[in-house]
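To be precise, the following lines are coords05.cif, and they hold mmCIF, C-alpha atoms.
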```
data_input
loop_
_atom_site.label_atom_id
_atom_site.label_comp_id
_atom_site.auth_asym_id
_atom_site.auth_seq_id
_atom_site.Cartn_x
_atom_site.Cartn_y
_atom_site.Cartn_z
CA MET H 25 6.31 17.98 7.02
CA PRO H 26 4.07 17.23 10.03
CA THR H 27 3.99 13.57 11.06
CA LYS H 28 2.37 11.80 13.95
CA MET H 29 1.67 8.39 15.39
CA LEU H 30 -2.00 7.61 15.75
CA HIS H 31 -4.28 4.90 17.07
CA ILE H 32 -7.17 3.77 14.88
CA PRO H 33 -10.19 2.19 16.60
CA THR H 34 -11.01 -1.20 15.02
CA ALA H 35 -13.36 -4.06 15.79
CA ASP H 36 -10.47 -5.84 17.50
CA GLY H 37 -8.78 -3.01 19.37
CA GLN H 38 -6.50 -0.14 18.41
CA ALA H 39 -4.24 -0.16 15.35
CA ASP H 40 -1.17 2.02 15.66
CA ALA H 41 -0.44 4.02 12.52
CA PHE H 42 1.87 6.64 11.06
CA ALA H 43 0.52 9.73 9.28
CA ALA H 44 2.23 12.42 7.20
CA PHE H 45 0.55 15.46 5.66
CA PRO H 46 1.34 18.95 4.35
CA ASP H 47 1.64 21.79 6.83
CA ARG H 48 -0.64 24.22 5.04
CA GLY H 49 -3.71 24.36 7.21
CA GLU H 50 -5.78 23.00 4.33
CA ARG H 51 -7.64 19.79 3.55
CA HIS H 52 -5.93 17.32 1.23
CA PRO H 53 -6.86 14.12 -0.61
CA GLY H 54 -6.42 11.07 1.58
CA VAL H 55 -4.19 8.10 0.78
CA LEU H 56 -4.27 4.84 2.71
CA MET H 57 -0.83 3.26 2.29
CA TYR H 58 -0.39 -0.42 3.11
CA ALA H 59 3.17 -1.42 4.01
CA ASP H 60 4.92 -4.57 2.90
CA GLY H 61 5.14 -7.49 5.31
CA PHE H 62 8.06 -5.94 7.19
CA GLY H 63 5.73 -3.14 8.29
CA ILE H 64 6.16 0.43 9.46
CA ARG H 65 9.84 1.35 9.69
CA PRO H 66 12.08 4.26 8.57
CA VAL H 67 11.83 3.51 4.84
CA LEU H 68 8.01 3.44 4.96
CA ARG H 69 7.89 6.65 6.96
CA GLU H 70 10.14 8.30 4.39
CA MET H 71 7.94 7.11 1.50
CA ALA H 72 4.85 8.45 3.29
CA ARG H 73 6.57 11.80 3.85
CA GLU H 74 7.63 11.93 0.20
CA LEU H 75 4.06 11.32 -0.98
CA ALA H 76 2.61 13.77 1.54
CA GLY H 77 4.97 16.43 0.21
CA HIS H 78 3.03 16.31 -3.05
CA GLY H 79 -0.19 17.35 -1.33
CA TYR H 80 -1.69 14.25 0.29
CA TYR H 81 -2.62 13.08 3.77
CA VAL H 82 -0.97 9.67 3.98
CA LEU H 83 -2.00 7.10 6.59
CA VAL H 84 0.15 3.96 7.11
CA PRO H 85 -1.46 1.46 9.53
CA ASN H 86 0.34 -1.33 11.35
CA LEU H 87 -1.17 -4.35 9.59
CA PHE H 88 -0.33 -6.73 12.42
CA TYR H 89 -1.44 -4.58 15.36
CA ARG H 90 -3.22 -7.58 16.92
CA HIS H 91 0.25 -8.97 17.68
CA GLY H 92 1.70 -5.74 19.09
CA PRO H 93 2.79 -2.25 18.05
CA ALA H 94 5.15 -1.69 15.13
CA PRO H 95 7.74 -2.97 14.64
CA VAL H 96 6.01 -6.23 15.49
CA ILE H 97 9.23 -8.16 14.89
CA GLU H 98 12.78 -6.91 15.34
CA LEU H 99 14.29 -5.85 12.02
CA PRO H 100 17.91 -5.26 11.05
CA GLU H 101 18.77 -1.83 9.68
CA HIS H 102 19.31 -3.45 6.29
CA ILE H 103 17.42 -6.61 5.32
CA GLY H 104 19.80 -8.85 3.40
CA GLU H 105 19.15 -12.16 1.74
CA GLU H 106 20.69 -13.94 4.70
CA ASP H 107 18.15 -12.30 7.04
CA ARG H 108 15.05 -13.35 5.17
CA PRO H 109 14.59 -16.98 6.34
CA ALA H 110 14.56 -16.03 10.01
CA LEU H 111 12.37 -12.97 9.44
CA PHE H 112 9.84 -14.86 7.33
CA ALA H 113 9.68 -17.61 9.92
CA GLN H 114 8.36 -14.94 12.27
CA LEU H 115 6.23 -13.11 9.70
CA MET H 116 4.40 -15.97 8.01
CA PRO H 117 2.22 -16.84 11.03
CA LEU H 118 1.18 -13.15 11.22
CA ILE H 119 0.41 -13.04 7.50
CA GLU H 120 -1.55 -16.30 7.65
CA ALA H 121 -3.54 -15.02 10.63
CA HIS H 122 -4.45 -11.87 8.69
CA THR H 123 -7.48 -13.45 7.04
CA ALA H 124 -9.63 -11.84 4.35
CA GLU H 125 -12.26 -11.20 7.02
CA ARG H 126 -9.75 -9.30 9.14
CA VAL H 127 -8.46 -7.40 6.10
CA LEU H 128 -11.92 -6.12 5.24
CA SER H 129 -12.86 -5.33 8.83
CA ASP H 130 -9.64 -3.34 9.24
CA ALA H 131 -10.12 -1.62 5.88
CA ASP H 132 -13.50 -0.33 7.05
CA ALA H 133 -11.88 1.10 10.17
CA TYR H 134 -8.91 2.60 8.32
CA LEU H 135 -11.06 4.34 5.71
CA ARG H 136 -13.51 5.59 8.31
CA PHE H 137 -10.64 7.04 10.33
CA LEU H 138 -8.84 8.52 7.31
CA THR H 139 -11.89 10.26 5.90
CA THR H 140 -12.82 11.87 9.24
CA GLN H 141 -9.43 13.51 9.84
CA PRO H 142 -9.76 17.32 9.78
CA GLU H 143 -6.88 17.60 7.30
CA VAL H 144 -8.52 15.25 4.77
CA GLY H 145 -10.82 16.45 1.99
CA ALA H 146 -14.37 15.24 1.51
CA GLY H 147 -13.77 13.51 -1.84
CA PRO H 148 -12.79 9.90 -2.57
CA VAL H 149 -9.44 8.48 -1.46
CA ALA H 150 -6.66 6.38 -2.93
CA VAL H 151 -5.18 3.16 -1.60
CA THR H 152 -1.59 2.11 -2.30
CA GLY H 153 0.27 -1.00 -1.26
CA TYR H 154 3.61 -2.76 -1.44
CA CYS H 155 4.16 -6.52 -1.51
CA ILE H 156 1.32 -8.07 0.55
CA GLY H 157 0.03 -4.51 0.91
CA GLY H 158 -0.72 -4.50 -2.81
CA LEU H 159 -3.17 -7.35 -2.33
CA LEU H 160 -4.74 -5.58 0.66
CA ALA H 161 -5.07 -2.40 -1.42
CA MET H 162 -6.95 -4.27 -4.14
CA ARG H 163 -9.23 -5.96 -1.59
CA THR H 164 -9.94 -2.59 0.05
CA ALA H 165 -10.77 -0.90 -3.24
CA ALA H 166 -13.02 -3.78 -4.34
CA ALA H 167 -14.91 -3.64 -1.04
CA HIS H 168 -15.45 0.14 -1.24
CA PRO H 169 -16.60 1.01 -4.76
CA GLY H 170 -17.20 4.72 -5.14
CA ARG H 171 -15.27 5.55 -1.99
CA VAL H 172 -11.86 4.60 -3.43
CA ALA H 173 -11.05 6.41 -6.69
CA ALA H 174 -7.59 4.96 -7.27
CA VAL H 175 -5.61 1.90 -6.23
CA ALA H 176 -1.91 1.27 -6.86
CA GLY H 177 0.04 -1.89 -6.06
CA PHE H 178 3.77 -2.49 -6.35
CA HIS H 179 5.37 -5.95 -6.42
CA GLY H 180 2.22 -7.37 -4.83
CA PRO H 181 0.33 -10.68 -5.30
CA VAL H 182 -2.66 -8.75 -6.62
CA GLY H 183 -4.17 -11.60 -8.61
CA ALA H 184 -4.42 -13.90 -5.60
CA ASP H 185 -8.17 -13.42 -5.18
CA GLY H 186 -8.93 -14.47 -8.75
CA PRO H 187 -10.88 -12.68 -11.47
CA ASP H 188 -14.23 -12.59 -9.67
CA SER H 189 -13.04 -9.93 -7.23
CA LEU H 190 -12.08 -7.60 -10.09
CA HIS H 191 -15.72 -7.09 -11.08
CA ARG H 192 -16.32 -5.14 -7.87
CA LEU H 193 -13.66 -2.55 -8.71
CA THR H 194 -14.74 0.94 -9.69
CA ALA H 195 -11.39 2.54 -8.89
CA GLU H 196 -8.78 3.09 -11.57
CA VAL H 197 -5.84 0.71 -11.08
CA TYR H 198 -2.08 0.99 -11.48
CA LEU H 199 -0.02 -2.17 -10.96
CA ALA H 200 3.75 -2.51 -11.23
CA HIS H 201 5.10 -6.04 -11.04
CA ALA H 202 8.61 -7.30 -10.41
CA GLU H 203 10.07 -9.31 -13.24
CA THR H 204 10.48 -12.26 -10.88
CA ASP H 205 6.91 -12.05 -9.54
CA LEU H 206 5.04 -13.29 -12.57
CA THR H 207 5.61 -14.49 -16.10
CA PRO H 208 4.42 -12.58 -19.18
CA GLU H 209 1.73 -15.27 -19.50
CA ALA H 210 0.52 -14.67 -15.95
CA LEU H 211 0.55 -10.92 -16.60
CA GLY H 212 -1.59 -11.53 -19.68
CA GLU H 213 -4.10 -13.52 -17.65
CA LEU H 214 -4.30 -10.82 -14.98
CA ASN H 215 -4.72 -8.07 -17.55
CA GLN H 216 -7.36 -10.09 -19.39
CA GLY H 217 -9.26 -10.37 -16.12
CA LEU H 218 -9.09 -6.59 -15.69
CA ASP H 219 -10.27 -6.11 -19.26
CA THR H 220 -13.18 -8.49 -18.77
CA ALA H 221 -14.16 -6.70 -15.56
CA GLY H 222 -14.17 -3.36 -17.39
CA VAL H 223 -11.54 -1.88 -15.08
CA ALA H 224 -9.53 1.16 -16.19
CA TYR H 225 -5.96 0.10 -15.50
CA THR H 226 -2.26 0.06 -16.24
CA SER H 227 -0.52 -3.21 -15.36
CA GLU H 228 3.10 -3.69 -16.29
CA ILE H 229 6.33 -5.45 -15.39
CA TYR H 230 9.33 -3.33 -14.43
CA PRO H 231 12.24 -4.97 -16.30
CA GLY H 232 15.26 -6.09 -14.33
CA THR H 233 13.50 -6.03 -10.95
CA ILE H 234 12.99 -8.57 -8.20
CA HIS H 235 10.28 -8.71 -5.55
CA GLY H 236 10.56 -5.74 -3.17
CA PHE H 237 12.27 -3.38 -5.62
CA THR H 238 10.91 -0.20 -4.00
CA MET H 239 12.33 -0.88 -0.54
CA SER H 240 15.70 0.84 -0.03
CA ASP H 241 16.46 -1.07 3.18
CA THR H 242 16.54 -4.46 1.43
CA ASP H 243 18.78 -6.29 -1.05
CA ALA H 244 15.89 -6.20 -3.53
CA PHE H 245 16.10 -2.41 -3.89
CA ASN H 246 16.38 -1.02 -7.40
CA PRO H 247 16.87 2.80 -7.43
CA ALA H 248 15.77 3.21 -11.04
CA ALA H 249 12.61 1.20 -10.39
CA LEU H 250 11.80 3.25 -7.28
CA GLN H 251 12.09 6.40 -9.38
CA ARG H 252 9.85 4.87 -12.04
CA HIS H 253 7.39 4.08 -9.25
CA TRP H 254 7.25 7.77 -8.28
CA ASP H 255 7.17 8.90 -11.92
CA SER H 256 4.11 6.67 -12.43
CA LEU H 257 2.34 7.03 -9.09
CA LEU H 258 2.37 10.81 -8.77
CA PRO H 259 0.70 11.61 -12.14
CA PHE H 260 -1.73 8.73 -11.55
CA LEU H 261 -2.85 10.16 -8.21
CA ALA H 262 -2.94 13.71 -9.53
CA ARG H 263 -5.28 12.64 -12.32
CA THR H 264 -7.55 10.27 -10.40
CA LEU H 265 -7.60 11.82 -6.94
CA VAL H 266 -6.82 15.53 -7.01
CA ASP H 267 -9.35 16.20 -9.75
CA ALA H 268 -11.97 14.21 -7.84
CA ASN H 269 -11.34 16.30 -4.73
CA SER H 270 -11.30 19.70 -6.46
#
```
Kindly return the structure encoded in the file as structure tokens.
Amino acid sequence: MPTKMLHIPTADGQADAFAAFPDRGERHPGVLMYADGFGIRPVLREMARELAGHGYYVLVPNLFYRHGPAPVIELPEHIGEEDRPALFAQLMPLIEAHTAERVLSDADAYLRFLTTQPEVGAGPVAVTGYCIGGLLAMRTAAAHPGRVAAVAGFHGPVGADGPDSLHRLTAEVYLAHAETDLTPEALGELNQGLDTAGVAYTSEIYPGTIHGFTMSDTDAFNPAALQRHWDSLLPFLARTLVDANS
């Protein structure tokens, strides 16, 4: 599986990024994958390689490139509960500085770069995201109707922008929430907003999960939920993206 580190020109400099894609000498549907707040690290590279192995060009940008190349903060090999306070003390200023304006400016650059890679097909792309990346994925899809055919978010604060943003979505949506991330009532409100906006979507809670359940290098990891994530994401992308690129 070919992989490479890249630099994406943006309005504010160069964003370092990781890419994985099939070694077939063909063009493949593009997927922009937003990492969680901990950023590009071995587990994210492995997830990108896994997805690329199913026939996609996967681009994972360093969200906080303005503060340095990934890893922007030093991470332990395994992120335990005892590590989180110190890590979030370093991360929160970066997250707070990553304003909606910066998110959308970067999204323009990321999609422009992704869709001009020689290994990427000419059709629409998908955007996926984990944790804060789920919110960025939804913002990116809403800002690029017609260009993004599918958006998937996992344990992300995807309702943070409120219902008005949902009306700009033309992409089909798949959302998987941790049981601790929102109540059934909050899920109902989010889903009602998607219904009202006329969005084609699946939005569900994975039982028995806590925030971060897909990340195998954290205490939040749930192997069964990660497998469910793949069992849901791969058919979703095959239906929404592969057909659109064929």
Quiz item: Hey, what's within 7 Å of range 204-220 of chain H if we count all atoms listed in the file and toss same-chain stuff fewer than 2 positions away? As a VMD selection string, please?
Solution: chain H and resid 183 187 190 201 to 202 222 to 223 227 233 to 235
Exercise. Name the residues captured by the PyMOL selection byres ((chain H and resi 179) around 9) when it is applied to the shown file; answer as a PyMOL selection string.
Key: chain H and resi 153-156+158+177-178+180-182+199-203+205+234-238
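Reported to one decimal place, the separation of CA of Gly63 in chain H from CA of Leu128 in chain H is 18.2 Å.
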Quiz item: Taking only C-alpha atoms into account, which of H:Ala248, H:Val144, H:Val197, H:Val96 comes nearest Phe260 in chain H?
Solution: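 Using only C-alpha atoms, the shortest distance to Phe260 in chain H belongs to H:Val197.
Note that the spacing between CA of Thr226 in chain H and CA of Gly157 in chain H amounts to 17.9 Å.
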Exercise. Go through the shown structure with the PyMOL selection byres ((chain H and resi 124) around 12) and write out the matching residues as an MDAnalysis selection string.
Key: chainID H and resid 119:123 125:131 159:164 167 184:185
Self-check item: Pick from H:His253, H:Ile64, H:Met57, H:Leu30 nearest to Ile229 in chain H, counting all atoms listed in the file
Solution: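 Looking only at the distances to Ile229 in chain H, the closest residue turns out to be H:His253.
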Quiz item: Looking at H:Leu265, H:Gln251, H:Asn246, H:Ala76, which one is nearest to Ala195 in chain H, with distances taken over all atoms listed in the file?
Solution: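 Closest candidate: H:Leu265.
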Self-check item: Selection result of the PyMOL selection byres ((chain H and resi 95) around 12) on this file, as a VMD selection string
Solution: chain H and resid 40 to 42 59 61 to 66 68 85 to 89 91 to 94 96 to 100 115
Got time to write the residues from that selection, C-alpha atoms, as a compact mmCIF listing (two decimals), keeping the file's coordinate frame?
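Output saved as selection-v7.txt:
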```
# COMPACT_ATOMS: atom_id res chain seq x y z
CA ASP H 40 -1.17 2.02 15.66
CA ALA H 41 -0.44 4.02 12.52
CA PHE H 42 1.87 6.64 11.06
CA ALA H 59 3.17 -1.42 4.01
CA GLY H 61 5.14 -7.49 5.31
CA PHE H 62 8.06 -5.94 7.19
CA GLY H 63 5.73 -3.14 8.29
CA ILE H 64 6.16 0.43 9.46
CA ARG H 65 9.84 1.35 9.69
CA PRO H 66 12.08 4.26 8.57
CA LEU H 68 8.01 3.44 4.96
CA PRO H 85 -1.46 1.46 9.53
CA ASN H 86 0.34 -1.33 11.35
CA LEU H 87 -1.17 -4.35 9.59
CA PHE H 88 -0.33 -6.73 12.42
CA TYR H 89 -1.44 -4.58 15.36
CA HIS H 91 0.25 -8.97 17.68
CA GLY H 92 1.70 -5.74 19.09
CA PRO H 93 2.79 -2.25 18.05
CA ALA H 94 5.15 -1.69 15.13
CA VAL H 96 6.01 -6.23 15.49
CA ILE H 97 9.23 -8.16 14.89
CA GLU H 98 12.78 -6.91 15.34
CA LEU H 99 14.29 -5.85 12.02
CA PRO H 100 17.91 -5.26 11.05
CA LEU H 115 6.23 -13.11 9.70
```
Practice problem: For CA of Gly79 in chain H and CA of Ala174 in chain H, determine how far apart the two atoms are, in Å to one decimal place. | Solution: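 Separating CA of Gly79 in chain H from CA of Ala174 in chain H is a distance of 15.6 Å.
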Quiz item: H:Arg69, H:Pro148, H:Arg51, H:Ala39: which is nearest Met25 in chain H, counting all atoms listed in the file?
Solution: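 Closest residue, counting all atoms listed in the file: H:Arg69.
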Quiz prompt | All residues 8 Å or closer to Ala133 in chain H, all atoms listed in the file, same chain fewer than 2 positions away omitted, as a count of residues only | solution = 10
